[in-house]
Amino acid sequence: MTQTSTVETKAVSAEAAPARGPGFDRNYLPFAYPALVITAAVIVFPWIFTIYMSFYDWKIGQAREFVGFANFTKLANDPRFIESIGHTLYFTALAVILPVVFGTIAALIFNERFPLRGLFRAIFILPMMATPVAVALVWTMMFHPQLGVLNYLLSLVGIPPQLWVYSPDTVIPSLVAVEVWHWTPLVMLIVLGGLASVPVEPYESAKIDGASAWQMFRHITLPLIMPFILVAVVIRMIDALKAFDTIYVITSGGPGTASETINIYLYLQAFSFYNIGYASAVTIVFFVLIILLTLVLLFLRQKAKWT
Amino acid sequence: MRSRRSLGVRVKHAISNLGFAFAVFVIVSPAILVMLWMLSLSLKTEVDNMAFPPVFIPSPPTLANFLDVFEKNSFDLYFVNSLIVSGISTLIAILVGVPAGYGIAKAQAHKIAVLTLIARITPGLSYLIPLYILFQWIGLTGTVWPIVITHLVLTVPIFIYVMIGFFESQPPDLEEAALIDGCTLWQAFRYVALPLARPGIMVGAILSIIFSWNNFIFGAVLGGRTTRTLPVAVFNMLTFEQVAWGPLAAAALLVTAPVLILTLFIQKEIVGGLTAGGVKGG
């Protein structure tokens, strides 16, 4: 699943840079018309049509029937859907925290000058550009309980073999491992962008005052890069909530329904069971959930700014 | 002026350098090791791939898995499909995205950014369901066009965003001079701004090609036997040939290698384009 985002980082840079040039100029808008037509067709139309479909009992290939909010009330009492919300939140929490921590550490390392830095950085960002399906296939083979290389590596350090994605208990953490591997580079790039804008003066005076490296990080670097870390958290959260490709390829929601996230459930409803009316209702609830969680994060960020 | 450092300071320096080198090694190794493992699996015989403890270095390496992929699957067809889908969807993104990026940057229409934010938040599947119905109604299913059209959801926003960033960073002097000389807005764009926009177009095009190339779900739902894209074809191998690891790894490598090589060669531009936007593809 993939989308693009840019708005958050833009917002940060917009705050930093003062607006320049003349104000809003309507004469330039016709330049955007062709793009707006396409956007209306492939982005806005699906939104509206989804809302329309969600009020129907609609199975592909069968007559549809208007049912009002019945899909939504059914959803509220659908244990499998409610369970999938739990899986999604569990997956998301881990898939936000770990990449943000590792990505920030990696950004601090790549912010130093060292030989072959460009090459190492290129290698480091390879996972985020790699095709998710290919990544998922390799990890599937690595997770294999009998023949997988991960269990072999564990055996070298005396840890008993794990079932990884084949056990309901470890499937979500295992999928998170793939997600961490895949997307830590994105966090690194965002935070690295923040580190590039950090001024040198505070460090010089702190050094004169005898501050330790940790104190300088804690009291100078961290507050300065916090806006960028928060941008990374927001982007990571949206992406983790919507994670699909690797989960679908590796487990398809299994074993049983142990790794069935909202997005996987949505896919199954729409394209395995062909309940597109019901799936549209899932989409809307899912969308509202993502918006709410994003707003909570943005609100926390505002609050952090005030204090 | 050179000051002679004491042995203690030098040792301390060496240790901290060594520690730093170790840290670099630790953070880079997961990325490189997984890639190397994919390469290793693709170059080994099935016997070696099924061995435990695993065989790490293929001896001797074999290309049989790659040949197998092309023989047993119509990989050449899927490769062409992927090229068509990524190529056309990126081309359309360029055609509408360059003027749009220019117009939005010049008009300072930042509110349009909000639309992109919502588009960014929306799960890709939610575009797919209504468009799927629509394609059925107008009878486009069975061709490659539904996949091309849905990929516009990926390519158009990212391309416009890169172009907005690019045009905002360009000094407006030349176009202003052209306008004073009596050019229309369109002429100023066509003859002054556009010829200078090549670097921005390159970055935007590369990113949108990669996002489109990597996409799985749109092709998975809309692709038929002859119209599916490469990632979908590779996924289907998993379902039907679960036991054969060599060909599977070879196929995975074939899909992702063009993207990885591209990334290594032009990582500076990609990093620039991505950090401008905090973009995710894949």
# chains A, B, ... in the order shown; residues from 1 in each chain; ligands from 1
$ residues_around --residues "Thr45 in chain B" --least-positions-apart "3" --cutoff "7 Å" --atoms "only C-alpha atoms" --output "ChimeraX atom specification"
/B:48-49,62,246
$ residues_around --residues "Val100 in chain A" --least-positions-apart "2" --cutoff "12 Å" --atoms "only C-alpha atoms" --output "PyMOL selection string"
chain A and resi 93-98+102-107+179-181+183-191+226+228-237
$ closest_residue --among "A:Asn77, A:Ser197, A:Thr131, A:Ser280" --to "Phe211 in chain B" --atoms "only C-alpha atoms"
A:Thr131
$ residues_around --residues "Val285 in chain A" --least-positions-apart "3" --cutoff "10 Å" --atoms "only C-alpha atoms" --output "list of chain:residue names"
A:Phe72, A:Leu75, A:Ala76, A:Ile262, A:Ala279, A:Ser280, A:Ala281, A:Val282, A:Val288, A:Leu289, A:Ile290, A:Ile291
$ write_last_selection --atoms "N, CA and C atoms" --output "PDB file, in the first residue's frame"
ATOM      1  N   PHE A  72     -22.914  -0.375   9.267  1.00  0.00           N
ATOM      2  CA  PHE A  72     -22.109   0.149  10.371  1.00  0.00           C
ATOM      3  C   PHE A  72     -22.497  -0.504  11.692  1.00  0.00           C
ATOM      4  N   LEU A  75     -21.034  -3.829  11.770  1.00  0.00           N
ATOM      5  CA  LEU A  75     -19.596  -3.736  12.001  1.00  0.00           C
ATOM      6  C   LEU A  75     -19.284  -3.612  13.493  1.00  0.00           C
ATOM      7  N   ALA A  76     -20.122  -2.819  14.192  1.00  0.00           N
ATOM      8  CA  ALA A  76     -19.895  -2.613  15.622  1.00  0.00           C
ATOM      9  C   ALA A  76     -20.033  -3.917  16.398  1.00  0.00           C
ATOM     10  N   ILE A 262      -6.906  -4.447  10.199  1.00  0.00           N
ATOM     11  CA  ILE A 262      -8.109  -3.886   9.573  1.00  0.00           C
ATOM     12  C   ILE A 262      -7.970  -3.921   8.053  1.00  0.00           C
ATOM     13  N   ALA A 279     -17.522  -3.813   2.964  1.00  0.00           N
ATOM     14  CA  ALA A 279     -16.120  -3.390   2.904  1.00  0.00           C
ATOM     15  C   ALA A 279     -16.017  -1.870   2.863  1.00  0.00           C
ATOM     16  N   SER A 280     -16.965  -1.213   2.190  1.00  0.00           N
ATOM     17  CA  SER A 280     -16.940   0.253   2.149  1.00  0.00           C
ATOM     18  C   SER A 280     -17.151   0.836   3.535  1.00  0.00           C
ATOM     19  N   ALA A 281     -18.017   0.170   4.308  1.00  0.00           N
ATOM     20  CA  ALA A 281     -18.216   0.629   5.688  1.00  0.00           C
ATOM     21  C   ALA A 281     -16.922   0.454   6.486  1.00  0.00           C
ATOM     22  N   VAL A 282     -16.248  -0.687   6.281  1.00  0.00           N
ATOM     23  CA  VAL A 282     -14.959  -0.894   6.951  1.00  0.00           C
ATOM     24  C   VAL A 282     -13.994   0.223   6.568  1.00  0.00           C
ATOM     25  N   VAL A 288     -11.694   6.967   9.414  1.00  0.00           N
ATOM     26  CA  VAL A 288     -11.967   7.828  10.567  1.00  0.00           C
ATOM     27  C   VAL A 288     -10.963   7.532  11.686  1.00  0.00           C
ATOM     28  N   LEU A 289     -10.664   6.243  11.893  1.00  0.00           N
ATOM     29  CA  LEU A 289      -9.705   5.854  12.921  1.00  0.00           C
ATOM     30  C   LEU A 289      -8.327   6.466  12.643  1.00  0.00           C
ATOM     31  N   ILE A 290      -7.902   6.388  11.361  1.00  0.00           N
ATOM     32  CA  ILE A 290      -6.588   6.937  11.011  1.00  0.00           C
ATOM     33  C   ILE A 290      -6.568   8.445  11.250  1.00  0.00           C
ATOM     34  N   ILE A 291      -7.652   9.118  10.804  1.00  0.00           N
ATOM     35  CA  ILE A 291      -7.731  10.577  10.995  1.00  0.00           C
ATOM     36  C   ILE A 291      -7.676  10.919  12.477  1.00  0.00           C
TER      37      ILE A 291
END
$ residues_around --residues "Val96 in chain B" --least-positions-apart "4" --cutoff "10 Å" --atoms "only C-alpha atoms" --output "CSV table (one decimal) with N, CA and C atoms, in the first residue's frame"
chain,number,residue,atom,x,y,z
A,31,PHE,N,-3.1,26.2,-14.5
A,31,PHE,CA,-2.0,25.2,-14.7
A,31,PHE,C,-2.3,23.9,-14.0
A,32,ALA,N,-3.1,24.0,-12.9
A,32,ALA,CA,-3.4,22.8,-12.1
A,32,ALA,C,-4.6,22.1,-12.6
A,33,TYR,N,-5.4,22.6,-13.6
A,33,TYR,CA,-6.7,22.0,-13.9
A,33,TYR,C,-6.5,20.6,-14.4
A,34,PRO,N,-5.6,20.3,-15.4
A,34,PRO,CA,-5.6,18.9,-15.8
A,34,PRO,C,-5.3,17.9,-14.6
A,35,ALA,N,-4.4,18.3,-13.7
A,35,ALA,CA,-4.1,17.5,-12.6
A,35,ALA,C,-5.3,17.3,-11.7
A,36,LEU,N,-6.1,18.4,-11.6
A,36,LEU,CA,-7.3,18.4,-10.7
A,36,LEU,C,-8.3,17.4,-11.3
A,37,VAL,N,-8.4,17.4,-12.6
A,37,VAL,CA,-9.4,16.5,-13.3
A,37,VAL,C,-9.0,15.0,-12.9
A,38,ILE,N,-7.7,14.7,-13.0
A,38,ILE,CA,-7.3,13.4,-12.7
A,38,ILE,C,-7.5,13.1,-11.3
B,91,LEU,N,4.3,8.9,-17.1
B,91,LEU,CA,4.2,9.9,-18.2
B,91,LEU,C,3.0,10.8,-18.0
B,92,ILE,N,1.9,10.2,-17.7
B,92,ILE,CA,0.7,11.0,-17.4
B,92,ILE,C,1.0,12.0,-16.2
B,100,ALA,N,1.0,21.6,-13.0
B,100,ALA,CA,0.3,21.7,-11.7
B,100,ALA,C,1.2,22.1,-10.6
B,101,GLY,N,2.4,21.5,-10.6
B,101,GLY,CA,3.4,21.9,-9.6
B,101,GLY,C,3.8,23.4,-9.7
B,156,VAL,N,0.7,10.6,-9.5
B,156,VAL,CA,0.4,12.0,-9.7
B,156,VAL,C,0.7,12.8,-8.4
B,159,PHE,N,4.5,13.1,-7.8
B,159,PHE,CA,5.1,13.9,-8.8
B,159,PHE,C,4.8,15.4,-8.6
B,160,ILE,N,3.6,15.7,-8.3
B,160,ILE,CA,3.2,17.1,-8.1
B,160,ILE,C,4.0,17.7,-6.9
$ residues_around --residues "range 177-192 of chain B" --least-positions-apart "6" --cutoff "9 Å" --atoms "only C-alpha atoms" --output "list of chain:residue names"
A:Asn27, A:Tyr28, A:Phe31, B:Pro99, B:Tyr102
$ residues_around --residues "Ser89 in chain B" --least-positions-apart "2" --cutoff "7 Å" --atoms "only C-alpha atoms" --output "number ranges by chain"
B: 85-87, 91-93, 148, 151-152, 155
$ closest_residue --among "A:Thr261, A:Thr246, A:Thr283, A:Gln62" --to "chain B" --atoms "only C-alpha atoms"
A:Thr283
$ closest_residue --among "A:Gly277, A:Pro227, A:Pro46, A:Gly254" --to "chain B" --atoms "only C-alpha atoms"
A:Pro46
$ atom_distance --atom1 "CA of Gly19 in chain B" --atom2 "CA of Ile159 in chain A"
26.5 Å
$ closest_residue --among "B:Gly142, B:Ile149, B:Phe56, B:Ile164" --to "Trp37 in chain B" --atoms "only C-alpha atoms"
B:Phe56
$ closest_residue --among "A:Glu260, A:Glu112, A:Asp209, A:Asp57" --to "chain B" --atoms "only C-alpha atoms"
A:Glu112
$ residues_around --residues "Phe66 in chain A" --least-positions-apart "2" --cutoff "10 Å" --atoms "only C-alpha atoms" --output "list in words"
Tyr52, Met53, Ser54, Phe55, Tyr56, Asp57, Trp58, Arg64, Gly68, Phe69, Ala70 and Gly277 of chain A
$ write_last_selection --atoms "N, CA and C atoms" --output "short mmCIF file (atom, residue, chain, number, x, y, z; two decimals), in the first residue's frame"
data_model
loop_
_atom_site.label_atom_id
_atom_site.label_comp_id
_atom_site.auth_asym_id
_atom_site.auth_seq_id
_atom_site.Cartn_x
_atom_site.Cartn_y
_atom_site.Cartn_z
N TYR A 52 -21.26 6.24 -0.69
CA TYR A 52 -22.50 5.77 -1.30
C TYR A 52 -22.66 4.26 -1.12
N MET A 53 -21.61 3.52 -1.44
CA MET A 53 -21.69 2.06 -1.37
C MET A 53 -21.91 1.55 0.04
N SER A 54 -21.40 2.33 1.03
CA SER A 54 -21.46 1.83 2.41
C SER A 54 -22.90 1.75 2.92
N PHE A 55 -23.85 2.41 2.22
CA PHE A 55 -25.25 2.35 2.64
C PHE A 55 -26.02 1.24 1.94
N TYR A 56 -25.31 0.41 1.21
CA TYR A 56 -25.99 -0.66 0.48
C TYR A 56 -25.51 -2.03 0.93
N ASP A 57 -26.43 -2.98 0.89
CA ASP A 57 -26.04 -4.37 0.98
C ASP A 57 -25.71 -4.78 -0.44
N TRP A 58 -24.44 -4.88 -0.75
CA TRP A 58 -24.00 -4.94 -2.13
C TRP A 58 -22.93 -6.01 -2.26
N ARG A 64 -28.25 -4.85 -5.56
CA ARG A 64 -27.91 -4.16 -4.31
C ARG A 64 -29.18 -3.62 -3.68
N GLY A 68 -29.30 1.72 4.65
CA GLY A 68 -29.01 2.77 5.62
C GLY A 68 -27.72 2.48 6.36
N PHE A 69 -27.80 2.59 7.69
CA PHE A 69 -26.58 2.42 8.49
C PHE A 69 -26.35 0.98 8.94
N ALA A 70 -27.09 0.05 8.34
CA ALA A 70 -27.03 -1.34 8.82
C ALA A 70 -25.61 -1.91 8.76
N GLY A 277 -20.32 -3.51 -0.16
CA GLY A 277 -21.01 -2.55 0.68
C GLY A 277 -20.43 -2.56 2.08
#
